[in-house]
Structures are given as structure tokens and as C-alpha cells.
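Undergrad: Okay, handing you the structure first.
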There are 2 protein chains.
Amino acid sequence: MTTDDLAESLSRELRHLVLLLRRVAAGQPVTSQQYAVLGSLEGGPRRMTELAEEHGVQLPTMTVQINRLEEPGLVARAADPADARVRTVELTGEGRARLAAVRRARVSYLTAQLAALTPQEREAIAVALPALAKLGRT
Amino acid sequence: MTTDDLAESLSRELRHLVLLLRRVAAGQPVTSQQYAVLGSLEGGPRRMTELAEEHGVQLPTMTVQINRLEEPGLVARAADPADARVRTVELTGEGRARLAAVRRARVSYLTAQLAALTPQEREAIAVALPALAKLGRT
DNA sequence: AATAATAGTTAGTCAGGCTAAGTTAGACTA
DNA sequence: TAGTCTAACTTAGCCTGACTAACTATTATT
């Protein structure tokens, strides 16, 4: 298979997977964007700028996202002692619990989907994941 | 790797791929949703209800999407001769051309990304694609 | 013939993206 | 060290795209 053919097939399957994810996300207690932001905070406090870059959005967009997560107490803002311009954001206990719950729901959905495949198919996906992870990080 | 671990890794990588696709879509002449809808029409006319289900959205959402595609003449609505309640939607020549152009842009972006991988990594993705295609179709 | 169900549309609301412009704090320079 | 530039956020205003509720028109059912 040429790289071009592969790109074409991958394009088609990515579109399919996007539609799949949309169906998974429908009706969950946190939107997929909010879930993604909470996931970025799991390792500890982050600056607004870092978060915006990681999610590929502009800073004002992240400000609004964090506002919406802060209001119900899922995250908290704090000041950076070294630089008064910088605001850091971190998970609250509540936010950590919410993140865990949503992750369980997503993973269990995918687990059910994967269970319908053959062991060989699962293995093929497992082998391909590191390569997929490299895409777009060049 | 257990199915559960695989689900977790896949969940993470799908999130990554979604962000990748967003970056591809930025600055293109149609949004990624519009592209997805145009793609669904490639095989011929579809009913509104079918389109909404396939895209995991409610019918009113699809109505608005189709309105936006109809206004610049990319798709056309028609009546179903067998059932006067049903409206079908099909690509116009313009819409087909637009779809082809956007697809070329996507494919060439992905081709460039894939070219940065090793042949083994590309092969791993090629092998996994049929399995990914089965996800969500159960 | 009356009623229920189906297919779409319209109207109103909200999330989430953008750019432009404002505020505050740190960095540089003359 | 005063003045200016840059950086980090926030606010405001606009657009797309999602939802539900309510409406119209048509078909199916009883």
C-alpha cells in the first residue's frame, strides 16, 4: 500500500471514528472538551497558556472553559508566586472525582466495543497505537 | 495488554487524533462537520433522518447544517416520490467538487504526516485500519 | 373519520471556537 | 530610573453547531 493510499484510508477511518466519539459523548455529565481539560490537569497545576497550547485553542477560549469548570468547583485558579501575571489551574477533589467517573464511562464503552473484535484485531490496534500517537507531533 | 488497558490507550489516542483533525480543518473552505455531511452524500441522495442518525445529532441540527450547505449551492433538497413527508438531500456538482478539493487537502496533509513515520509504523496502521473500521459498527 | 405516529422545520438556548481590545505585571533600553 | 515594549490573562462581541420544545404536514392505525 502506498503512503497515499494509506492516507486516504486513514482519512476515511478517522472520519468514522470522529462520528463514533460523538455518539459516545452524547449525554455525558461533562462535555468532551471539559473532559479533555480535566485530563490535562491530572498531573498537577498548569498555566493557562500551557493549557491553551496543548488543546490547540486560543487563550480566550481556555479562559472561558476554565471559568465554566471553576464555577461548579471542579478546578481552582491560583497565583504563580514567581510571576504575578501567571494564573495556574488545578483540579479540586470534586474535579478529580468527576474526571475519574467520566473516564470510567468512556473506557467501559470502548471496552465493550473492543470486546466485539477478535483478539487479532485488538492486537493490531494495540500495535498501531504508538504510530498513531506520533501523527501530528512532528 | 488487557482489553481494558487497550480501551484506555485508545481513548487517549482518539482524543489526540480529534485534536489533530481539528488542526487540519482550521482554515479550510468548509468546516469539518460540513465535510462530514458532504461525505455522507457521496453515494447518492439521503434522507434527513438518516443523516442525523449517522452523524449522531438530532434532526433539527441536521436541518440547520443542510440549510447552510444548500444556501451556497453545495447540496440540494428534493422530495421523496413515495412519501411526501420525506425530504432527500443530494450533492450538487459544486458540492461534489468542493468535497473532492477538501478531501485532497486532508489526504495530502495526512500523507505528509505519514511520510514522517517509519515503514513499520505505516504498516502497523494499515493492519489496524480494518479493526478500527469495525468499532462502533456492532 | 378520528387519532396517533412520523418527517421535517422553526424558535430559543447554550457550549465552545475565534478576533480585537483592555489590564496588569515583568523586561528592556536610553 | 522613567518610558516603552512584551507577555499573560480577561472581557466583549460574533459565529458555528449542538440541544429541546413546539409547530406543520403527511401517513398509518383503529
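Please note that chains go A, B, ... in the order of the C-alpha cells, that every chain numbers its residues from 1, and that ligands are numbered from 1 in the order shown.
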What residues in chain A have any atom no more than 10 Å from chain D when counting only C-alpha atoms (C1' of nucleotides), and can you write them as a list of chain:residue names?
TA: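 On the chain A side, the interface is A:Ala26, A:Arg47, A:Met48, A:Thr49, A:Leu59, A:Pro60, A:Thr63, A:Val64, A:Asp83, A:Ala84, A:Arg85, A:Val86, A:Arg87.
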Undergrad: Residues of the last selection are to be written out with N, CA and C atoms, as a PDB file, in the first residue's frame.
TA:
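Written out: again-v8.pdb:
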```pdb
ATOM      1  N   ALA A  26     -22.413  11.900  23.611  1.00  0.00           N
ATOM      2  CA  ALA A  26     -23.774  12.412  23.787  1.00  0.00           C
ATOM      3  C   ALA A  26     -24.341  11.993  25.137  1.00  0.00           C
ATOM      4  N   ARG A  47      -0.434  26.247  33.779  1.00  0.00           N
ATOM      5  CA  ARG A  47      -0.735  27.623  33.461  1.00  0.00           C
ATOM      6  C   ARG A  47      -1.760  27.680  32.338  1.00  0.00           C
ATOM      7  N   MET A  48      -2.465  28.767  32.251  1.00  0.00           N
ATOM      8  CA  MET A  48      -3.471  28.953  31.221  1.00  0.00           C
ATOM      9  C   MET A  48      -2.856  28.790  29.830  1.00  0.00           C
ATOM     10  N   THR A  49      -1.719  29.419  29.623  1.00  0.00           N
ATOM     11  CA  THR A  49      -1.083  29.380  28.312  1.00  0.00           C
ATOM     12  C   THR A  49      -0.744  27.955  27.890  1.00  0.00           C
ATOM     13  N   LEU A  59      -6.043  31.517  23.817  1.00  0.00           N
ATOM     14  CA  LEU A  59      -6.123  31.747  25.253  1.00  0.00           C
ATOM     15  C   LEU A  59      -7.523  32.154  25.721  1.00  0.00           C
ATOM     16  N   PRO A  60      -8.206  33.048  25.032  1.00  0.00           N
ATOM     17  CA  PRO A  60      -9.543  33.439  25.499  1.00  0.00           C
ATOM     18  C   PRO A  60     -10.502  32.249  25.585  1.00  0.00           C
ATOM     19  N   THR A  63      -9.764  30.519  28.776  1.00  0.00           N
ATOM     20  CA  THR A  63     -10.282  31.301  29.902  1.00  0.00           C
ATOM     21  C   THR A  63     -11.743  30.956  30.156  1.00  0.00           C
ATOM     22  N   VAL A  64     -12.524  30.922  29.078  1.00  0.00           N
ATOM     23  CA  VAL A  64     -13.948  30.634  29.235  1.00  0.00           C
ATOM     24  C   VAL A  64     -14.164  29.194  29.716  1.00  0.00           C
ATOM     25  N   ASP A  83       5.683  34.816  39.257  1.00  0.00           N
ATOM     26  CA  ASP A  83       5.296  35.754  38.206  1.00  0.00           C
ATOM     27  C   ASP A  83       3.822  36.100  38.380  1.00  0.00           C
ATOM     28  N   ALA A  84       3.567  37.328  38.779  1.00  0.00           N
ATOM     29  CA  ALA A  84       2.200  37.710  39.148  1.00  0.00           C
ATOM     30  C   ALA A  84       1.255  37.773  37.959  1.00  0.00           C
ATOM     31  N   ARG A  85       1.800  37.704  36.732  1.00  0.00           N
ATOM     32  CA  ARG A  85       0.901  37.693  35.576  1.00  0.00           C
ATOM     33  C   ARG A  85       0.260  36.325  35.371  1.00  0.00           C
ATOM     34  N   VAL A  86       0.961  35.299  35.874  1.00  0.00           N
ATOM     35  CA  VAL A  86       0.578  33.925  35.567  1.00  0.00           C
ATOM     36  C   VAL A  86      -0.483  33.414  36.520  1.00  0.00           C
ATOM     37  N   ARG A  87      -1.503  32.744  35.948  1.00  0.00           N
ATOM     38  CA  ARG A  87      -2.503  32.088  36.756  1.00  0.00           C
ATOM     39  C   ARG A  87      -2.362  30.592  36.541  1.00  0.00           C
TER      40      ARG A  87
END
```
Undergrad: List as a JSON list (two decimals) with N, CA and C atoms, in the first residue's frame the protein and nucleic acid residues near B:Val18, meaning an atom at most 9 Å away when only C-alpha atoms (C1' of nucleotides) are counted, but skip any in the same chain fewer than 5 places from it.
TA:
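What ended up in out01.json:
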```
[["chain", "number", "residue", "atom", "x", "y", "z"],
["A", 14, "LEU", "N", -10.71, 7.96, 10.12],
["A", 14, "LEU", "CA", -10.72, 9.00, 11.15],
["A", 14, "LEU", "C", -12.08, 9.67, 11.18],
["A", 17, "LEU", "N", -14.28, 7.39, 13.06],
["A", 17, "LEU", "CA", -14.03, 7.39, 14.50],
["A", 17, "LEU", "C", -14.53, 8.66, 15.16],
["A", 18, "VAL", "N", -14.45, 9.78, 14.43],
["A", 18, "VAL", "CA", -14.98, 11.02, 14.98],
["A", 18, "VAL", "C", -16.47, 10.89, 15.22],
["B", 13, "GLU", "N", -5.69, 8.09, 22.64],
["B", 13, "GLU", "CA", -5.23, 8.39, 21.28],
["B", 13, "GLU", "C", -6.35, 8.95, 20.42],
["B", 23, "ARG", "N", -6.87, 20.59, 13.75],
["B", 23, "ARG", "CA", -5.83, 21.44, 13.19],
["B", 23, "ARG", "C", -5.84, 21.36, 11.67]]
```
Undergrad: Got a sec to tell me which of stretch 29-130 of chain A DSSP assigns to strand (DSSP E), as a list in words?
TA: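 DSSP on the backbone gives strand (DSSP E) at Arg46, Arg47, Val75, Ala76, Arg77, Ala78, Ala79, Asp80, Asp83, Ala84, Arg85, Val86, Arg87, Thr88, Val89, Glu90 and Leu91 of chain A.
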Undergrad: Could you superimpose chain B onto chain A using every C-alpha atom, matched in order, and tell me the RMSD in Å?
TA: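 The superposed chains show a C-alpha RMSD of 0.7 Å.
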Undergrad: Wanna dump the chain A-chain B contacts at 6 Å for me, each residue with its shortest atom pair and the distance in Å to one decimal, counting only C-alpha atoms, ordered by chain and number, as a Markdown table?
TA:
```
| residue | atom | partner | partner_atom | distance |
| --- | --- | --- | --- | --- |
| A:Asp4 | CA | B:Thr111 | CA | 5.7 |
| A:Ala7 | CA | B:Thr111 | CA | 5.2 |
| A:Glu8 | CA | B:Val107 | CA | 5.6 |
| A:Leu19 | CA | B:His55 | CA | 5.8 |
| A:Arg23 | CA | B:Gly56 | CA | 5.3 |
| A:Val107 | CA | B:Ala7 | CA | 5.5 |
| A:Leu110 | CA | B:Ala7 | CA | 5.3 |
| A:Thr111 | CA | B:Ala7 | CA | 5.2 |
| A:Gln113 | CA | B:Leu135 | CA | 5.9 |
| A:Glu121 | CA | B:Ala131 | CA | 5.3 |
| A:Ala124 | CA | B:Ala128 | CA | 4.8 |
| A:Ile125 | CA | B:Ala128 | CA | 5.0 |
| A:Ala128 | CA | B:Ala124 | CA | 4.8 |
| A:Ala131 | CA | B:Glu121 | CA | 5.3 |
| A:Leu135 | CA | B:Gln113 | CA | 5.9 |
```
Undergrad: Would you give me, as a Markdown table, each residue of chain C having an atom within 9 Å of an atom of chain A, along with its shortest atom pair and that distance in Å to one decimal, using only C-alpha atoms (C1' of nucleotides) and sorting by chain and residue number?
TA:
```
| residue | atom | partner | partner_atom | distance |
| --- | --- | --- | --- | --- |
| C:DA15 | C1' | A:Thr31 | CA | 8.6 |
| C:DG16 | C1' | A:Thr61 | CA | 7.4 |
| C:DG17 | C1' | A:Thr61 | CA | 6.8 |
| C:DC18 | C1' | A:Gln58 | CA | 8.0 |
| C:DT24 | C1' | A:Arg85 | CA | 7.1 |
| C:DA25 | C1' | A:Arg85 | CA | 5.5 |
| C:DG26 | C1' | A:Asp83 | CA | 7.7 |
```
Undergrad: Please return, as a compact mmCIF listing (two decimals) with C-alpha atoms, in the first residue's frame, all residues of chain B that DSSP assigns to alpha helix (DSSP H) on the basis of the backbone.
TA:
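As a result, selection_15.txt now contains:
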```txt
# COMPACT_ATOMS: atom_id res chain seq x y z
CA THR B 3 -8.93 -5.17 26.68
CA ASP B 4 -9.41 -2.63 29.45
CA ASP B 5 -5.91 -1.23 29.12
CA LEU B 6 -6.33 -1.12 25.38
CA ALA B 7 -9.59 0.80 25.76
CA GLU B 8 -7.81 3.32 27.96
CA SER B 9 -4.96 3.82 25.50
CA LEU B 10 -7.35 4.01 22.59
CA SER B 11 -9.44 6.58 24.43
CA ARG B 12 -6.37 8.73 24.88
CA GLU B 13 -5.23 8.39 21.28
CA LEU B 14 -8.67 9.10 19.89
CA ARG B 15 -8.62 12.35 21.82
CA HIS B 16 -5.25 13.11 20.28
CA LEU B 17 -6.48 12.32 16.77
CA VAL B 18 -9.50 14.54 17.21
CA LEU B 19 -7.21 17.44 18.06
CA LEU B 20 -5.12 16.57 15.01
CA LEU B 21 -8.15 16.63 12.73
CA ARG B 22 -9.18 19.99 14.15
CA ARG B 23 -5.83 21.44 13.19
CA VAL B 24 -6.22 20.01 9.68
CA ALA B 25 -9.66 21.55 9.38
CA SER B 32 -15.21 19.54 9.44
CA GLN B 33 -18.90 18.93 10.12
CA GLN B 34 -19.83 20.17 6.69
CA TYR B 35 -17.14 17.99 5.20
CA ALA B 36 -18.50 15.01 7.09
CA VAL B 37 -22.03 15.65 5.82
CA LEU B 38 -20.87 16.08 2.23
CA GLY B 39 -19.03 12.77 2.58
CA SER B 40 -22.24 11.04 3.62
CA MET B 48 -32.63 13.93 6.69
CA THR B 49 -33.32 11.33 9.35
CA GLU B 50 -30.63 9.01 8.02
CA LEU B 51 -28.08 11.79 8.00
CA ALA B 52 -28.92 12.86 11.54
CA GLU B 53 -28.59 9.31 12.83
CA GLU B 54 -25.35 8.64 11.02
CA HIS B 55 -23.83 11.78 12.47
CA LEU B 59 -32.85 16.21 13.36
CA PRO B 60 -33.04 19.99 13.90
CA THR B 61 -29.25 20.13 13.98
CA MET B 62 -29.09 18.43 10.60
CA THR B 63 -31.75 20.77 9.22
CA VAL B 64 -29.55 23.74 10.04
CA GLN B 65 -26.44 22.07 8.63
CA ILE B 66 -28.19 21.29 5.38
CA ASN B 67 -29.56 24.84 5.22
CA ARG B 68 -26.02 26.15 5.41
CA LEU B 69 -24.85 23.79 2.68
CA GLU B 70 -27.87 24.48 0.49
CA GLY B 93 -21.88 19.34 -8.98
CA GLU B 94 -20.50 22.23 -6.99
CA GLY B 95 -20.77 20.22 -3.79
CA ARG B 96 -19.04 17.25 -5.33
CA ALA B 97 -16.18 19.47 -6.49
CA ARG B 98 -15.88 21.07 -3.06
CA LEU B 99 -15.84 17.68 -1.39
CA ALA B 100 -13.09 16.46 -3.70
CA ALA B 101 -11.00 19.57 -3.04
CA VAL B 102 -11.28 19.31 0.72
CA ARG B 103 -10.56 15.61 0.60
CA ARG B 104 -7.41 16.27 -1.42
CA ALA B 105 -6.25 18.76 1.20
CA ARG B 106 -6.91 16.33 4.03
CA VAL B 107 -5.26 13.44 2.27
CA SER B 108 -2.19 15.43 1.38
CA TYR B 109 -1.86 16.61 4.97
CA LEU B 110 -2.12 13.04 6.21
CA THR B 111 0.29 11.83 3.55
CA ALA B 112 2.87 14.29 4.81
CA GLN B 113 2.29 13.18 8.39
CA LEU B 114 2.54 9.51 7.46
CA ALA B 115 5.72 10.09 5.48
CA PRO B 119 7.68 1.94 7.11
CA GLN B 120 6.98 -0.39 10.03
CA GLU B 121 4.77 2.20 11.70
CA ARG B 122 2.83 2.80 8.50
CA GLU B 123 2.39 -0.93 8.11
CA ALA B 124 1.08 -1.19 11.68
CA ILE B 125 -1.53 1.48 10.94
CA ALA B 126 -2.51 -0.22 7.68
CA VAL B 127 -3.02 -3.51 9.51
CA ALA B 128 -5.10 -1.89 12.25
CA LEU B 129 -7.44 0.08 9.98
CA PRO B 130 -9.90 -2.75 9.27
CA ALA B 131 -10.22 -3.38 13.01
CA LEU B 132 -10.80 0.33 13.70
CA ALA B 133 -13.40 0.34 10.95
CA LYS B 134 -15.35 -2.33 12.84
```
Undergrad: Using atom CA of B:Thr88 and atom CA of B:Leu74 as the two end points, give the distance in Å to one decimal.
TA: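 Rounded to one decimal, the two atoms are 14.0 Å apart.
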Undergrad: One decimal, Å: what's the distance from atom CA of B:Val89 over to atom CA of B:Pro29, could you say?
TA: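 The value is 20.5 Å.
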Undergrad: What is the distance, in Å and to one decimal place, between atom CA of A:Pro72 and atom CA of A:Val30?
TA: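 Separation of atom CA of A:Pro72 and atom CA of A:Val30: 11.5 Å.
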